[in-house]
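For reference, input15.pdb is printed below; it contains PDB, C-alpha atoms.
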ATOM      1  CA  MET A  23       5.620  12.159  -7.620
ATOM      2  CA  PRO A  24       7.799  12.601  -4.491
ATOM      3  CA  PHE A  25       6.824  13.119  -0.883
ATOM      4  CA  HIS A  26       9.365  15.129   1.136
ATOM      5  CA  LEU A  27       9.678  14.761   4.914
ATOM      6  CA  HIS A  28      11.905  17.320   6.623
ATOM      7  CA  PHE A  29      13.540  16.155   9.860
ATOM      8  CA  GLU A  30      14.750  18.074  12.858
ATOM      9  CA  GLU A  31      17.253  16.529  15.266
ATOM     10  CA  SER A  32      14.485  15.593  17.710
ATOM     11  CA  ASP A  33      12.588  13.721  14.969
ATOM     12  CA  LEU A  34      15.404  11.194  14.630
ATOM     13  CA  LEU A  35      14.915  10.311  18.282
ATOM     14  CA  ARG A  36      11.200   9.650  17.702
ATOM     15  CA  CYS A  37      11.347   7.313  14.704
ATOM     16  CA  ARG A  38       9.763   3.950  15.426
ATOM     17  CA  PHE A  39       8.572   0.761  13.774
ATOM     18  CA  ALA A  40       4.985  -0.426  14.034
ATOM     19  CA  LEU A  41       2.561  -2.824  12.426
ATOM     20  CA  SER A  42      -1.120  -2.243  11.872
ATOM     21  CA  PRO A  43      -3.912  -4.760  11.201
ATOM     22  CA  LEU A  44      -6.110  -1.833  10.140
ATOM     23  CA  TRP A  45      -3.600  -0.745   7.501
ATOM     24  CA  GLU A  46      -3.322  -4.311   6.200
ATOM     25  CA  THR A  47      -7.116  -4.523   6.005
ATOM     26  CA  GLN A  48      -7.580  -1.397   3.902
ATOM     27  CA  ALA A  49      -4.564  -2.405   1.795
ATOM     28  CA  ALA A  50      -6.149  -5.819   1.190
ATOM     29  CA  VAL A  51      -9.346  -4.057   0.087
ATOM     30  CA  ARG A  52      -7.326  -1.891  -2.285
ATOM     31  CA  LEU A  53      -5.439  -4.904  -3.657
ATOM     32  CA  LEU A  54      -8.682  -6.638  -4.676
ATOM     33  CA  SER A  55      -9.399  -3.840  -7.143
ATOM     34  CA  ARG A  56      -5.882  -3.777  -8.628
ATOM     35  CA  PRO A  57      -5.121  -6.941 -10.644
ATOM     36  CA  GLY A  58      -1.633  -5.677 -11.435
ATOM     37  CA  GLN A  59      -0.629  -6.176  -7.809
ATOM     38  CA  HIS A  60      -2.056  -9.687  -7.422
ATOM     39  CA  GLY A  61       1.136 -11.587  -8.313
ATOM     40  CA  TYR A  62       2.499 -12.582  -4.914
ATOM     41  CA  HIS A  63      -0.955 -13.046  -3.422
ATOM     42  CA  LEU A  64      -2.698 -15.403  -5.846
ATOM     43  CA  PRO A  65      -2.903 -18.237  -3.257
ATOM     44  CA  TRP A  66      -4.567 -15.818  -0.818
ATOM     45  CA  LEU A  67      -6.946 -14.574  -3.498
ATOM     46  CA  ARG A  68      -8.019 -18.129  -4.268
ATOM     47  CA  ARG A  69      -8.691 -18.797  -0.591
ATOM     48  CA  ILE A  70     -10.814 -15.692  -0.019
ATOM     49  CA  ARG A  71     -12.577 -15.527  -3.404
ATOM     50  CA  GLU A  72     -15.970 -16.878  -2.322
ATOM     51  CA  SER A  73     -16.153 -15.027   0.990
ATOM     52  CA  ALA A  74     -14.900 -11.771  -0.559
ATOM     53  CA  ALA A  75     -17.759 -11.937  -3.084
ATOM     54  CA  THR A  76     -20.190 -11.400  -0.198
ATOM     55  CA  LEU A  77     -18.716  -7.952   0.581
ATOM     56  CA  ASP A  78     -19.834  -4.715  -1.045
ATOM     57  CA  LEU A  79     -16.589  -2.746  -0.951
ATOM     58  CA  SER A  80     -17.608  -0.138  -3.550
ATOM     59  CA  PRO A  81     -17.781   2.823  -1.082
ATOM     60  CA  LEU A  82     -14.213   2.086   0.049
ATOM     61  CA  TRP A  83     -12.981   1.584  -3.519
ATOM     62  CA  LEU A  84     -14.509   4.915  -4.540
ATOM     63  CA  LEU A  85     -12.272   6.598  -1.947
ATOM     64  CA  MET A  86      -9.130   4.852  -3.235
ATOM     65  CA  PRO A  87      -8.125   6.570  -6.493
ATOM     66  CA  ASP A  88      -5.151   5.125  -8.351
ATOM     67  CA  ARG A  89      -3.382   8.470  -8.152
ATOM     68  CA  GLY A  90      -4.044  11.276  -5.735
ATOM     69  CA  HIS A  91      -5.323  11.552  -2.207
ATOM     70  CA  ASN A  92      -6.439   8.544  -0.203
ATOM     71  CA  PRO A  93      -8.284   9.165   3.088
ATOM     72  CA  ASP A  94      -6.061   9.045   6.163
ATOM     73  CA  PHE A  95      -8.835   8.401   8.655
ATOM     74  CA  ILE A  96      -9.653   4.898   7.379
ATOM     75  CA  SER A  97      -6.098   3.679   8.109
ATOM     76  CA  LEU A  98      -4.814   5.753  11.004
ATOM     77  CA  PRO A  99      -1.137   5.381  12.000
ATOM     78  CA  PRO A 100      -0.873   2.999  14.977
ATOM     79  CA  ARG A 101      -0.177   4.530  18.368
ATOM     80  CA  GLY A 102       2.086   1.707  19.524
ATOM     81  CA  PRO A 103       4.388  -0.913  17.997
ATOM     82  CA  VAL A 104       1.690  -3.607  18.057
ATOM     83  CA  THR A 105      -2.008  -2.729  18.126
ATOM     84  CA  LEU A 106      -5.209  -4.730  17.969
ATOM     85  CA  PHE A 107      -7.709  -4.269  15.158
ATOM     86  CA  ASP A 108     -10.489  -3.581  17.680
ATOM     87  CA  GLU A 109      -8.477  -0.695  19.118
ATOM     88  CA  GLU A 110      -7.764   0.769  15.704
ATOM     89  CA  ILE A 111     -11.318   0.521  14.389
ATOM     90  CA  ALA A 112     -12.537   2.234  17.565
ATOM     91  CA  GLN A 113     -10.263   5.164  16.672
ATOM     92  CA  VAL A 114     -11.804   5.297  13.199
ATOM     93  CA  ARG A 115     -15.305   5.416  14.658
ATOM     94  CA  ALA A 116     -14.245   8.310  16.895
ATOM     95  CA  VAL A 117     -12.928  10.491  14.031
ATOM     96  CA  ASP A 118     -14.379  14.011  13.832
ATOM     97  CA  PRO A 119     -17.020  13.920  11.027
ATOM     98  CA  ALA A 120     -15.952  17.344   9.759
ATOM     99  CA  MET A 121     -12.369  16.134   9.385
ATOM    100  CA  ALA A 122     -13.587  12.939   7.715
ATOM    101  CA  ARG A 123     -15.687  14.942   5.248
ATOM    102  CA  GLU A 124     -12.688  17.015   4.184
ATOM    103  CA  ASP A 125     -10.608  13.843   3.854
ATOM    104  CA  MET A 126     -13.271  12.131   1.712
ATOM    105  CA  ALA A 127     -13.791  15.208  -0.482
ATOM    106  CA  LEU A 128     -10.090  15.283  -1.370
ATOM    107  CA  ALA A 129     -10.168  11.610  -2.353
ATOM    108  CA  LEU A 130     -13.392  11.940  -4.359
ATOM    109  CA  ALA A 131     -11.951  14.918  -6.225
ATOM    110  CA  ASP A 132      -9.107  12.684  -7.436
ATOM    111  CA  ARG A 133     -11.523   9.950  -8.560
ATOM    112  CA  PRO A 134     -13.038  10.833 -11.975
ATOM    113  CA  GLY A 135     -16.754  11.374 -11.357
ATOM    114  CA  GLY A 136     -16.361  10.708  -7.648
ATOM    115  CA  LEU A 137     -17.854  13.950  -6.379
ATOM    116  CA  GLU A 138     -20.846  13.628  -8.722
ATOM    117  CA  SER A 139     -21.523   9.952  -8.026
ATOM    118  CA  ALA A 140     -24.512   8.919  -5.924
ATOM    119  CA  VAL A 141     -22.306   7.211  -3.341
ATOM    120  CA  GLY A 142     -19.930  10.171  -3.183
ATOM    121  CA  ARG A 143     -22.764  12.628  -2.618
ATOM    122  CA  ARG A 144     -24.254  10.381   0.066
ATOM    123  CA  LEU A 145     -20.970  10.093   1.958
ATOM    124  CA  LEU A 146     -20.398  13.855   1.942
ATOM    125  CA  ALA A 147     -24.002  14.732   2.846
ATOM    126  CA  ASP A 148     -23.819  12.889   6.189
ATOM    127  CA  PRO A 149     -20.162  12.444   7.195
ATOM    128  CA  ALA A 150     -21.010  11.169  10.684
ATOM    129  CA  ARG A 151     -23.011   8.325   9.173
ATOM    130  CA  ALA A 152     -20.316   7.813   6.518
ATOM    131  CA  VAL A 153     -17.643   7.311   9.172
ATOM    132  CA  GLN A 154     -19.687   4.540  10.798
ATOM    133  CA  GLU A 155     -20.553   2.964   7.437
ATOM    134  CA  LEU A 156     -16.919   2.857   6.349
ATOM    135  CA  ALA A 157     -15.850   1.516   9.742
ATOM    136  CA  ASP A 158     -18.454  -1.246   9.404
ATOM    137  CA  LEU A 159     -17.092  -2.155   5.965
ATOM    138  CA  LEU A 160     -13.521  -2.217   7.237
ATOM    139  CA  GLU A 161     -14.562  -4.439  10.123
ATOM    140  CA  GLN A 162     -16.291  -6.853   7.750
ATOM    141  CA  ALA A 163     -13.233  -6.840   5.486
ATOM    142  CA  TRP A 164     -10.993  -7.589   8.463
ATOM    143  CA  HIS A 165     -13.017 -10.645   9.463
ATOM    144  CA  VAL A 166     -13.245 -11.995   5.904
ATOM    145  CA  LEU A 167      -9.984 -11.016   4.204
ATOM    146  CA  VAL A 168      -7.320 -10.664   6.871
ATOM    147  CA  GLU A 169      -8.183 -12.073  10.287
ATOM    148  CA  PRO A 170      -8.124 -15.779   9.224
ATOM    149  CA  HIS A 171      -4.572 -15.252   7.941
ATOM    150  CA  TRP A 172      -3.380 -12.734  10.533
ATOM    151  CA  PRO A 173      -1.015 -15.080  12.477
ATOM    152  CA  ARG A 174       0.909 -15.734   9.252
ATOM    153  CA  LEU A 175       0.896 -12.058   8.219
ATOM    154  CA  ARG A 176       1.808 -10.826  11.695
ATOM    155  CA  ALA A 177       4.744 -13.261  11.879
ATOM    156  CA  LEU A 178       6.162 -11.882   8.622
ATOM    157  CA  LEU A 179       5.655  -8.263   9.700
ATOM    158  CA  GLU A 180       7.226  -8.862  13.116
ATOM    159  CA  ALA A 181      10.167 -10.604  11.464
ATOM    160  CA  ASP A 182      10.671  -7.597   9.185
ATOM    161  CA  ILE A 183      10.625  -5.202  12.133
ATOM    162  CA  SER A 184      13.052  -7.396  14.066
ATOM    163  CA  TYR A 185      15.445  -7.498  11.125
ATOM    164  CA  HIS A 186      15.313  -3.787  10.344
ATOM    165  CA  SER A 187      15.557  -2.795  14.014
ATOM    166  CA  ARG A 188      18.787  -4.772  14.187
ATOM    167  CA  ARG A 189      20.041  -3.174  10.969
ATOM    168  CA  LEU A 190      19.233   0.283  12.341
ATOM    169  CA  ALA A 191      21.533  -0.400  15.283
ATOM    170  CA  GLU A 192      24.231  -1.731  12.943
ATOM    171  CA  VAL A 193      24.262   0.760  10.070
ATOM    172  CA  GLY A 194      22.292   3.832  11.151
ATOM    173  CA  PHE A 195      19.166   5.548   9.863
ATOM    174  CA  GLU A 196      20.406   6.838   6.493
ATOM    175  CA  ARG A 197      21.751   3.499   5.272
ATOM    176  CA  LEU A 198      18.754   1.645   6.687
ATOM    177  CA  LEU A 199      16.394   3.678   4.505
ATOM    178  CA  GLY A 200      18.232   2.592   1.366
ATOM    179  CA  GLU A 201      17.983  -1.040   2.460
ATOM    180  CA  VAL A 202      14.268  -0.764   3.218
ATOM    181  CA  SER A 203      13.511   0.423  -0.324
ATOM    182  CA  PRO A 204      15.375   2.018  -3.249
ATOM    183  CA  ARG A 205      12.494   4.491  -3.391
ATOM    184  CA  LEU A 206      13.651   6.121  -0.146
ATOM    185  CA  HIS A 207      16.361   8.779  -0.378
ATOM    186  CA  TRP A 208      17.979  10.757   2.448
ATOM    187  CA  THR A 209      19.600  14.107   1.661
ATOM    188  CA  ASP A 210      20.325  17.035   3.983
ATOM    189  CA  SER A 211      17.913  15.917   6.741
ATOM    190  CA  THR A 212      15.123  15.317   4.221
ATOM    191  CA  LEU A 213      13.585  11.942   3.439
ATOM    192  CA  THR A 214      12.160  11.754  -0.072
ATOM    193  CA  VAL A 215       9.682   8.999  -0.923
ATOM    194  CA  ILE A 216       9.678   8.397  -4.682
ATOM    195  CA  GLY A 217       6.494   7.265  -6.393
ATOM    196  CA  THR A 218       3.964   8.104  -3.705
ATOM    197  CA  ASN A 219       0.690   9.794  -4.593
ATOM    198  CA  GLY A 220       0.992  13.514  -5.164
ATOM    199  CA  ASN A 221       3.836  15.953  -4.577
ATOM    200  CA  HIS A 222       3.863  16.953  -0.930
ATOM    201  CA  THR A 223       6.214  18.418   1.634
ATOM    202  CA  ARG A 224       5.855  18.067   5.375
ATOM    203  CA  VAL A 225       7.984  19.292   8.272
ATOM    204  CA  LEU A 226       7.874  16.674  11.016
ATOM    205  CA  GLY A 227       8.289  19.253  13.751
ATOM    206  CA  GLY A 228       9.326  16.832  16.477
ATOM    207  CA  GLN A 229       6.634  14.217  15.833
ATOM    208  CA  GLY A 230       9.093  11.696  14.426
ATOM    209  CA  LEU A 231       8.209   9.076  11.848
ATOM    210  CA  VAL A 232       6.466   5.688  11.873
ATOM    211  CA  LEU A 233       8.033   3.010   9.653
ATOM    212  CA  MET A 234       5.477   0.318   8.817
ATOM    213  CA  PRO A 235       6.126  -2.877   6.863
ATOM    214  CA  SER A 236       3.127  -4.082   4.879
ATOM    215  CA  VAL A 237       2.252  -7.348   3.204
ATOM    216  CA  PHE A 238      -0.204  -5.884   0.694
ATOM    217  CA  VAL A 239       1.457  -2.591  -0.298
ATOM    218  CA  TRP A 240       3.950  -4.158  -2.765
ATOM    219  CA  PRO A 241       5.311  -2.893  -5.144
ATOM    220  CA  GLU A 242       4.607   0.601  -3.835
ATOM    221  CA  VAL A 243       6.115   2.617  -1.014
ATOM    222  CA  VAL A 244       3.613   4.984   0.528
ATOM    223  CA  GLY A 245       4.508   8.142   2.406
ATOM    224  CA  GLY A 246       1.797  10.143   3.991
ATOM    225  CA  TYR A 247      -0.590  11.248   6.688
ATOM    226  CA  GLU A 248      -1.458  14.895   6.920
ATOM    227  CA  GLU A 249      -1.987  16.880  10.102
ATOM    228  CA  PRO A 250      -2.916  15.985  12.805
ATOM    229  CA  TRP A 251      -1.699  12.419  12.192
ATOM    230  CA  GLN A 252       1.888  11.360  12.775
ATOM    231  CA  PRO A 253       3.716  10.932   9.443
ATOM    232  CA  ALA A 254       4.488   7.394   8.302
ATOM    233  CA  VAL A 255       6.241   5.495   5.542
ATOM    234  CA  ILE A 256       4.740   2.149   4.564
ATOM    235  CA  TYR A 257       7.010  -0.220   2.652
ATOM    236  CA  PRO A 258       6.814  -3.841   1.381
ATOM    237  CA  ALA A 259       7.782  -6.362   4.052
ATOM    238  CA  ARG A 260      10.710  -8.688   3.437
ATOM    239  CA  GLY A 261       9.890 -12.253   2.432
ATOM    240  CA  ILE A 262       6.473 -11.794   0.810
ATOM    241  CA  GLY A 263       7.591 -13.974  -2.118
ATOM    242  CA  GLY A 264       7.309 -17.043   0.115
ATOM    243  CA  LEU A 265       4.450 -15.811   2.290
ATOM    244  CA  TRP A 266       1.804 -18.198   0.984
ATOM    245  CA  THR A 267       4.134 -21.156   0.420
ATOM    246  CA  GLU A 268       3.616 -23.937   2.928
ATOM    247  CA  ALA A 269       6.794 -24.637   4.872
ATOM    248  CA  GLY A 270       6.695 -28.371   4.190
ATOM    249  CA  GLU A 271       6.870 -27.745   0.450
ATOM    250  CA  ARG A 272      10.397 -26.344   0.863
ATOM    251  CA  THR A 273      11.825 -29.008   3.176
ATOM    252  CA  PRO A 274      14.535 -31.119   1.477
ATOM    253  CA  ALA A 275      13.765 -34.824   1.638
ATOM    254  CA  THR A 276      17.249 -35.702   2.903
ATOM    255  CA  LEU A 277      16.929 -33.181   5.751
ATOM    256  CA  ALA A 278      13.559 -34.660   6.701
ATOM    257  CA  ARG A 279      15.155 -38.102   6.885
ATOM    258  CA  LEU A 280      17.982 -36.752   9.032
ATOM    259  CA  LEU A 281      15.964 -34.707  11.516
ATOM    260  CA  GLY A 282      12.457 -36.099  11.135
ATOM    261  CA  ARG A 283       9.759 -34.425   9.041
ATOM    262  CA  ALA A 284       8.266 -32.143  11.716
ATOM    263  CA  ARG A 285      11.609 -30.921  13.073
ATOM    264  CA  ALA A 286      12.964 -30.315   9.567
ATOM    265  CA  ASP A 287       9.795 -28.376   8.675
ATOM    266  CA  VAL A 288      10.303 -26.156  11.725
ATOM    267  CA  LEU A 289      13.882 -25.404  10.678
ATOM    268  CA  CYS A 290      12.917 -24.687   7.068
ATOM    269  CA  ALA A 291       9.987 -22.481   8.120
ATOM    270  CA  LEU A 292      12.394 -20.004   9.707
ATOM    271  CA  ASP A 293      13.281 -18.069   6.552
ATOM    272  CA  GLU A 294      12.492 -15.090   8.776
ATOM    273  CA  PRO A 295      12.566 -14.930  12.597
ATOM    274  CA  ALA A 296       9.350 -16.297  14.107
ATOM    275  CA  GLY A 297       7.874 -17.275  17.454
ATOM    276  CA  THR A 298       6.392 -20.528  18.666
ATOM    277  CA  SER A 299       2.738 -19.591  18.097
ATOM    278  CA  ALA A 300       3.309 -18.346  14.549
ATOM    279  CA  LEU A 301       5.226 -21.489  13.622
ATOM    280  CA  ALA A 302       2.576 -23.723  15.176
ATOM    281  CA  HIS A 303      -0.160 -21.999  13.166
ATOM    282  CA  ARG A 304       1.811 -22.103   9.941
ATOM    283  CA  LEU A 305       2.795 -25.767  10.304
ATOM    284  CA  SER A 306      -0.509 -26.959  11.807
ATOM    285  CA  LEU A 307       1.338 -28.387  14.805
ATOM    286  CA  ALA A 308       0.644 -28.122  18.519
ATOM    287  CA  PRO A 309       2.580 -25.247  20.169
ATOM    288  CA  SER A 310       4.008 -27.705  22.691
ATOM    289  CA  SER A 311       5.430 -29.844  19.859
ATOM    290  CA  VAL A 312       6.912 -26.817  18.105
ATOM    291  CA  SER A 313       8.445 -25.649  21.387
ATOM    292  CA  GLU A 314      10.099 -29.029  21.854
ATOM    293  CA  HIS A 315      11.479 -29.047  18.306
ATOM    294  CA  LEU A 316      12.814 -25.501  18.747
ATOM    295  CA  SER A 317      14.591 -26.490  21.960
ATOM    296  CA  VAL A 318      16.289 -29.455  20.268
ATOM    297  CA  LEU A 319      17.301 -27.405  17.213
ATOM    298  CA  ARG A 320      18.668 -24.665  19.434
ATOM    299  CA  ALA A 321      20.651 -27.137  21.554
ATOM    300  CA  ALA A 322      22.101 -28.589  18.336
ATOM    301  CA  GLY A 323      23.376 -25.146  17.302
ATOM    302  CA  LEU A 324      20.949 -24.738  14.407
ATOM    303  CA  LEU A 325      18.941 -21.873  15.952
ATOM    304  CA  THR A 326      19.396 -18.916  18.245
ATOM    305  CA  SER A 327      16.677 -16.900  19.955
ATOM    306  CA  ARG A 328      16.088 -13.335  21.070
ATOM    307  CA  ARG A 329      13.259 -11.500  22.759
ATOM    308  CA  TYR A 330      11.072  -9.064  20.813
ATOM    309  CA  GLY A 331       8.418  -7.383  22.940
ATOM    310  CA  HIS A 332       6.518 -10.083  24.793
ATOM    311  CA  GLN A 333       7.653 -13.005  22.662
ATOM    312  CA  VAL A 334      10.789 -14.942  21.814
ATOM    313  CA  LEU A 335      11.780 -15.064  18.136
ATOM    314  CA  TYR A 336      13.911 -17.870  16.730
ATOM    315  CA  VAL A 337      16.388 -17.433  13.877
ATOM    316  CA  ARG A 338      18.612 -19.927  12.086
ATOM    317  CA  THR A 339      22.361 -19.947  12.694
ATOM    318  CA  PRO A 340      24.761 -20.183   9.712
ATOM    319  CA  LEU A 341      24.776 -23.969  10.166
ATOM    320  CA  GLY A 342      20.969 -24.034  10.246
ATOM    321  CA  ILE A 343      20.833 -21.910   7.101
ATOM    322  CA  ALA A 344      23.231 -24.255   5.292
ATOM    323  CA  LEU A 345      21.179 -27.325   6.207
ATOM    324  CA  ALA A 346      17.886 -25.732   5.148
ATOM    325  CA  VAL A 347      19.022 -24.677   1.663
ATOM    326  CA  PRO A 348      17.538 -27.150  -0.859
ATOM    327  CA  ASP A 349      20.499 -26.847  -3.241
ATOM    328  CA  HIS A 350      22.663 -28.520  -0.646
ATOM    329  CA  HIS A 351      20.669 -31.754  -0.857
ATOM    330  CA  SER A 352      20.075 -34.298  -3.507
ATOM    331  CA  ALA A 353      16.524 -34.859  -4.685
TER     332      ALA A 353
END

Written as structure tokens, that's how I'd like the structure from this file.
Amino acid sequence: MPFHLHFEESDLLRCRFALSPLWETQAAVRLLSRPGQHGYHLPWLRRIRESAATLDLSPLWLLMPDRGHNPDFISLPPRGPVTLFDEEIAQVRAVDPAMAREDMALALADRPGGLESAVGRRLLADPARAVQELADLLEQAWHVLVEPHWPRLRALLEADISYHSRRLAEVGFERLLGEVSPRLHWTDSTLTVIGTNGNHTRVLGGQGLVLMPSVFVWPEVVGGYEEPWQPAVIYPARGIGGLWTEAGERTPATLARLLGRARADVLCALDEPAGTSALAHRLSLAPSSVSEHLSVLRAAGLLTSRRYGHQVLYVRTPLGIALAVPDHHSA
């Protein structure tokens, strides 16, 4: 079912990219209950299996029907390009209970037996308490499911935003949407999101649109947020196929002999733009060592760098790409 977003001229000036640890947390919770979406994330699932078993996520799962309304207030659109989980969960805790009750009732109505279930009745009977209970569950899920892996996830999401921000400048908004996902269509100032839950229409009215890459949303594209929240489109981030692959596993042996193992691993880890801290975490190296390797690789013409927000992202040059491709090396 499609979701139609009608743009005015001023909305195009207020479109922005953002990433959200809160969104990734609720999406990770949702993923656990949907085996059909586990494919890319099996290594992550193996790592979190024991700790995830300690969580009782049933109240959140009850509010996440396969088709239909999902509550907006448990994954609010981020206010800035990069937000902290603590800031986002504080916004959840501050949600108006009356608004939360309406949001939960819509979701429970789309879950067979949801309104009649004991948990559903309990949530609706005391929405103020329900808001705090759900926020507590999301916070627990963050610490167990997402936070230990957040540097890796954040690096991929930031790389996606960096890439698509550059493409926006190069090809414009309409063509960018088609590159982000084939499920996004632009016609006569209307963005249509194919395959989202429900059949909705919303006039942006000058609010603009938030574009959010997500690690855990694949293979779906989600368009949503009702009033008063700013509309958003959440799409699968680029590069999730190699997200859980360790960089060293992809480094050609001949390149390691040429550059040294650590330096070659740094070069091969840059399938997407990344900063020093993210690379250090992913490669289990000291940031100072990674910084030194990046400087040498850049001086050799294998990398370039550019600033994104408060950090510097490194990206391979054509020569660096050619050296890092395994097919170019003998076994």

Next on the checklist: Once the PyMOL selection byres ((chain A and resi 112) around 12) has been evaluated on this model, what residues remain selected, and can you format them as number ranges by chain?
Outcome noted: A: 44, 95-98, 100, 105-111, 113-117, 153-154, 157-158, 160-161

Closest atom pairs, residues of stretch 246-305 of chain A within 10 Å of stretch 225-233 of chain A, all atoms listed in the file, as JSON lines:
{"residue": "A:Glu249", "atom": "CA", "partner": "A:Leu226", "partner_atom": "CA", "distance": 9.9}
{"residue": "A:Trp251", "atom": "CA", "partner": "A:Gln229", "partner_atom": "CA", "distance": 9.3}
{"residue": "A:Gln252", "atom": "CA", "partner": "A:Gln229", "partner_atom": "CA", "distance": 6.3}
{"residue": "A:Pro253", "atom": "CA", "partner": "A:Leu231", "partner_atom": "CA", "distance": 5.4}
{"residue": "A:Ala254", "atom": "CA", "partner": "A:Val232", "partner_atom": "CA", "distance": 4.4}
{"residue": "A:Val255", "atom": "CA", "partner": "A:Leu233", "partner_atom": "CA", "distance": 5.1}
{"residue": "A:Ile256", "atom": "CA", "partner": "A:Leu233", "partner_atom": "CA", "distance": 6.1}
{"residue": "A:Tyr257", "atom": "CA", "partner": "A:Leu233", "partner_atom": "CA", "distance": 7.8}

Enclose the full set of atoms of stretch 102-110 of chain A listed in the file within a box whose edges lie along x, y and z, apply 8 Å of padding to each of the six sides, and report centre and edge lengths in Å to one decimal as AutoDock Vina command-line options.
--center_x -3.1 --center_y -1.5 --center_z 17.3 --size_x 30.9 --size_y 22.4 --size_z 20.4

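Proximity of A:Ser236, A:Thr276, A:Thr298, A:Thr209 to A:Ile183, computed with only C-alpha atoms, is greatest for A:Ser236.
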
Would you mind listing, for every residue of stretch 121-238 of chain A within 10 Å of stretch 61-78 of chain A, the two atoms forming the shortest contact and the distance between them in Å to one decimal, using only C-alpha atoms, sorted by chain and ascending residue number, as CSV?
residue,atom,partner,partner_atom,distance
A:Leu159,CA,A:Asp78,CA,8.0
A:Gln162,CA,A:Leu77,CA,7.6
A:Ala163,CA,A:Leu77,CA,7.4
A:Val166,CA,A:Ser73,CA,6.5
A:Leu167,CA,A:Ile70,CA,6.4
A:Val168,CA,A:Ile70,CA,9.2
A:Pro170,CA,A:Ile70,CA,9.6
A:His171,CA,A:Trp66,CA,8.8
A:Val237,CA,A:His63,CA,9.3
A:Phe238,CA,A:His63,CA,8.3

Checklist entry - Taking the file as shown, what set of residues would the PyMOL selection byres ((chain A and resi 211) around 10) give back, as a PyMOL selection string? => result chain A and resi 27-31+34+196+208-210+212-214

Create the file for the chosen residues now, containing C-alpha atoms and written as a PDB file, in the frame of the given file.
ATOM      1  CA  LEU A  27       9.678  14.761   4.914  1.00  0.00           C
ATOM      2  CA  HIS A  28      11.905  17.320   6.623  1.00  0.00           C
ATOM      3  CA  PHE A  29      13.540  16.155   9.860  1.00  0.00           C
ATOM      4  CA  GLU A  30      14.750  18.074  12.858  1.00  0.00           C
ATOM      5  CA  GLU A  31      17.253  16.529  15.266  1.00  0.00           C
ATOM      6  CA  LEU A  34      15.404  11.194  14.630  1.00  0.00           C
ATOM      7  CA  GLU A 196      20.406   6.838   6.493  1.00  0.00           C
ATOM      8  CA  TRP A 208      17.979  10.757   2.448  1.00  0.00           C
ATOM      9  CA  THR A 209      19.600  14.107   1.661  1.00  0.00           C
ATOM     10  CA  ASP A 210      20.325  17.035   3.983  1.00  0.00           C
ATOM     11  CA  THR A 212      15.123  15.317   4.221  1.00  0.00           C
ATOM     12  CA  LEU A 213      13.585  11.942   3.439  1.00  0.00           C
ATOM     13  CA  THR A 214      12.160  11.754  -0.072  1.00  0.00           C
TER      14      THR A 214
END

Next on the checklist: When you count only C-alpha atoms, which of these residues is closest to A:Leu79: A:Leu156, A:Ala284, A:Ala127, A:Leu301?
Outcome noted: A:Leu156

Next on the checklist: Taking all atoms listed in the file into account, name the residue in A:Pro134, A:Trp266, A:Thr339, A:Ala122 that is nearest to A:Ala147.
Outcome noted: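 Nearest candidate to A:Ala147 out of A:Pro134, A:Trp266, A:Thr339, A:Ala122: A:Ala122.
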